[in-house]
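Here's the structure, in structure tokens; my notes come after.
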Amino acid sequence: MRTRRLPGRHRRATERQATYGEVIAVKEFRALWYGQGLSLLGDQLAQVALAVLVYDRTGSALATAAVYALTYLPSILGGPLLAGLADRFARRGVMVACDLLRAALVGVMALPFMPFPVLCGLVFLVVLLSAPFSAARAALLPEVLEGDRYVVGSALQNMTNQAVQMLGFAAGGAVIAAMGPYRALAINAATFLASALIIVTGVRRRPASGQDGDKPSMWKMTRAGARLVFGDRKLRTLVLFAWLCGFYVLPEGIAVPYAVELYTGVLPIPVITGLLMAAMPLGTVLGAFLFSRFVSPPGRMRLMGWLAMLSCAPLIVTAMRPPLEVVLAAWVLSGIGGAYQLAANAAFVQRVPADQRGQAFGLVQSGLMAAQGIAILIGGYAAEKLGPEPVVALSGITGLTVAAVLAMIWTESRGRVRPQTAT
């Protein structure tokens, strides 16, 4: 893929570091930001409510885990196919349609008499619709925010996501205990309706990004997206950087058995579990703020490989079976390293044609979900055999090795591109 050289003035403008105030001042971004945060908060309540509801109905830990697994499977299977809708149709329309459909489905889930098999089917469909919605939002954001504003906006959304998740973990159980799981599901349905209203009123209409005339089939669009993403070495490297998260997300999946190992009688095991699960999101919020606020756009590209290694390296300390305080510090530091995803995302957006962004983001997101789900399953199985501490340490070692290789490939590819774009 040929790299086009930008005029000097334009190149300097796109590399200027943006501020949070500039980004928040953009009305369309505020609409996307508010809608995303609102629906995500509803999703957090729904996840807790669903777990409580399924366990109350079945009394089975396996059934509860199986329903939780349904939150990964649809994105893995449906993402590559349905994400192309964001390139085939107007992206705002795709987002609104997905919100309305999810509101209806979750509303049906909130009915107390709904049979368990039907409930599982509804969960599958709700999560399946998140694939085209997320792809449309990800593809629309670079059109709303240009240059470094996109990176700062992505950082702000990322920090909001992590903060909402921490709030959901902390308050979800208390809310469910107070109002019951069915009302919590009804609230989630209402958040989808509110998100659709915010998007309709706050995001302007844009035509579909694809070419006019006959549209290619969804299967052809999926194949074209796969050729684009995996046929270009630089894009392929950026995708692997994104999928690296499987290594440093794995510890969260075995937080409960790890909390049992760290229990000393001072703090209850559920409290230790909550602290462990909140540590990486806290680090992610800190890292996203520092990386987007104090590092220049060219500096982010240079630091991306180093931060990717930082996201995995601190986990190795768990091999020495340190106390809770050290583990928490290591996991927060790992979360800070995860800020490299902002730079990888920005570089990916710049290299993907606008009319294929939805499909490209959908493929990456599906792989992201698969990497996390597979890593958690492998980590859970290995923790039963070896214990949580060595499993987390092995994940850190493996992830650090992969990150180092990717960092070298990235540095080499950037070195080859630079002479072509020189004046």
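Residue numbering restarts at 1 for every chain of the structure tokens, chains are lettered A, B, ... in their displayed order, and ligands are numbered from 1 as they appear.
Using only C-alpha atoms, the residues found no farther than 12 Å from Glu143 (chain A), other than those of its own chain fewer than 6 positions away, are Val26, Glu28, Phe29, Arg91, Arg92, Ala136, Arg137, Arg149, Tyr150, Gly153, Val203, Arg204, Arg205, Arg206, Ser209, Val349, Gln350, Pro353, Ala354, Asp355 and Arg357 of chain A.
Using only C-alpha atoms, the residues found no farther than 8 Å from Leu156 (chain A), other than those of its own chain fewer than 2 positions away, are Tyr20, Val152, Gly153, Ser154, Asn158, Met159, Thr160, Ala288 and Phe289 of chain A.
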Q: May I ask which of the residues A:Leu286, A:Val164, A:Val54, A:Leu333 is the closest one to Met114 (chain A), counting only C-alpha atoms?
A: A:Val54
Q: Using only C-alpha atoms, find the one residue out of A:Leu240, A:Ile336, A:Leu185, A:Val405 that sits nearest to Asp43 (chain A).
A: A:Leu185
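Between CA of Leu290 (chain A) and CA of Ala343 (chain A) the interatomic distance comes to 12.8 Å.
From CA of Ala382 (chain A) back to CA of Leu250 (chain A), the distance works out to 11.2 Å.
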**Q.** Residues within 10 Å of Cys312 (chain A), only C-alpha atoms, excluding chain neighbours under 2 positions, as a VMD selection string
**A.** chain A and resid 244 to 245 247 to 249 307 to 310 314 to 316 330 to 331 333 to 335 337 to 338 392 to 403
Q) What lies within 7 Å of Phe192 (chain A) using only C-alpha atoms, ignoring chain neighbours under 2 positions off, as a PyMOL selection string? A) chain A and resi 39+99-100+102-103+188-190+194-196
Mind dumping the selected residues with all heavy atoms as a JSON list (two decimals), in the first residue's frame?
[["chain", "number", "residue", "atom", "x", "y", "z"],
["A", 39, "SER", "N", -25.21, 3.33, 27.82],
["A", 39, "SER", "CA", -25.55, 1.94, 27.51],
["A", 39, "SER", "C", -24.58, 0.98, 28.20],
["A", 39, "SER", "O", -24.98, -0.13, 28.61],
["A", 39, "SER", "CB", -25.55, 1.71, 26.00],
["A", 39, "SER", "OG", -24.28, 1.98, 25.44],
["A", 99, "ASP", "N", -29.50, -0.17, 18.55],
["A", 99, "ASP", "CA", -29.97, 0.24, 19.87],
["A", 99, "ASP", "C", -31.45, -0.10, 20.07],
["A", 99, "ASP", "O", -31.85, -0.62, 21.12],
["A", 99, "ASP", "CB", -29.76, 1.75, 20.06],
["A", 99, "ASP", "CG", -28.42, 2.07, 20.72],
["A", 99, "ASP", "OD1", -27.83, 1.15, 21.33],
["A", 99, "ASP", "OD2", -27.97, 3.22, 20.62],
["A", 100, "LEU", "N", -32.28, 0.18, 19.07],
["A", 100, "LEU", "CA", -33.71, -0.09, 19.20],
["A", 100, "LEU", "C", -33.99, -1.59, 19.29],
["A", 100, "LEU", "O", -34.83, -2.03, 20.10],
["A", 100, "LEU", "CB", -34.46, 0.53, 18.02],
["A", 100, "LEU", "CG", -34.43, 2.06, 17.94],
["A", 100, "LEU", "CD1", -35.16, 2.53, 16.67],
["A", 100, "LEU", "CD2", -35.07, 2.68, 19.18],
["A", 102, "ARG", "N", -31.91, -3.90, 20.38],
["A", 102, "ARG", "CA", -31.43, -4.39, 21.68],
["A", 102, "ARG", "C", -32.36, -3.98, 22.81],
["A", 102, "ARG", "O", -32.58, -4.74, 23.76],
["A", 102, "ARG", "CB", -30.01, -3.90, 21.93],
["A", 102, "ARG", "CG", -28.98, -4.57, 21.05],
["A", 102, "ARG", "CD", -27.55, -4.21, 21.41],
["A", 102, "ARG", "NE", -27.24, -2.82, 21.11],
["A", 102, "ARG", "CZ", -26.05, -2.26, 21.33],
["A", 102, "ARG", "NH1", -25.08, -2.99, 21.87],
["A", 102, "ARG", "NH2", -25.83, -1.00, 21.02],
["A", 103, "ALA", "N", -32.93, -2.78, 22.72],
["A", 103, "ALA", "CA", -33.89, -2.35, 23.73],
["A", 103, "ALA", "C", -35.09, -3.29, 23.76],
["A", 103, "ALA", "O", -35.58, -3.68, 24.84],
["A", 103, "ALA", "CB", -34.34, -0.92, 23.46],
["A", 188, "ASN", "N", -31.63, -1.53, 31.77],
["A", 188, "ASN", "CA", -30.72, -1.69, 30.64],
["A", 188, "ASN", "C", -31.43, -1.44, 29.32],
["A", 188, "ASN", "O", -30.89, -0.79, 28.41],
["A", 188, "ASN", "CB", -30.12, -3.10, 30.65],
["A", 188, "ASN", "CG", -28.99, -3.25, 29.64],
["A", 188, "ASN", "OD1", -28.29, -2.31, 29.32],
["A", 188, "ASN", "ND2", -28.84, -4.45, 29.12],
["A", 189, "ALA", "N", -32.67, -1.94, 29.19],
["A", 189, "ALA", "CA", -33.45, -1.67, 27.97],
["A", 189, "ALA", "C", -33.67, -0.17, 27.80],
["A", 189, "ALA", "O", -33.57, 0.36, 26.68],
["A", 189, "ALA", "CB", -34.79, -2.40, 28.05],
["A", 190, "ALA", "N", -33.93, 0.53, 28.89],
["A", 190, "ALA", "CA", -34.14, 1.98, 28.82],
["A", 190, "ALA", "C", -32.87, 2.70, 28.39],
["A", 190, "ALA", "O", -32.94, 3.72, 27.67],
["A", 190, "ALA", "CB", -34.62, 2.51, 30.17],
["A", 194, "ALA", "N", -32.39, 5.39, 25.36],
["A", 194, "ALA", "CA", -31.80, 6.71, 25.57],
["A", 194, "ALA", "C", -30.60, 6.92, 24.65],
["A", 194, "ALA", "O", -30.40, 8.01, 24.10],
["A", 194, "ALA", "CB", -31.38, 6.86, 27.03],
["A", 195, "SER", "N", -29.79, 5.87, 24.46],
["A", 195, "SER", "CA", -28.64, 5.97, 23.56],
["A", 195, "SER", "C", -29.10, 6.26, 22.13],
["A", 195, "SER", "O", -28.51, 7.10, 21.44],
["A", 195, "SER", "CB", -27.83, 4.67, 23.60],
["A", 195, "SER", "OG", -26.80, 4.68, 22.65],
["A", 196, "ALA", "N", -30.15, 5.58, 21.68],
["A", 196, "ALA", "CA", -30.67, 5.83, 20.33],
["A", 196, "ALA", "C", -31.14, 7.27, 20.19],
["A", 196, "ALA", "O", -30.88, 7.93, 19.16],
["A", 196, "ALA", "CB", -31.81, 4.86, 20.03]]
Q. For Pro281 (chain A), which residue out of A:Cys120, A:Met166, A:Pro268, A:Ala370 is the nearest one, using only C-alpha atoms?
A. A:Met166
Q. From the set A:Ala404, A:Asn345, A:Lys234, A:Glu252, which residue has the shortest atom-to-atom contact distance to Ala313 (chain A), counting only C-alpha atoms?
A. A:Ala404
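Nearest to Ser413 (chain A) of all the residues A:Leu276, A:Leu235, A:Val256, A:Leu145 is A:Leu235, counting only C-alpha atoms.
CA of Val260 (chain A) to CA of Ile378 (chain A) spans 19.2 Å [interatomic distance, one decimal].
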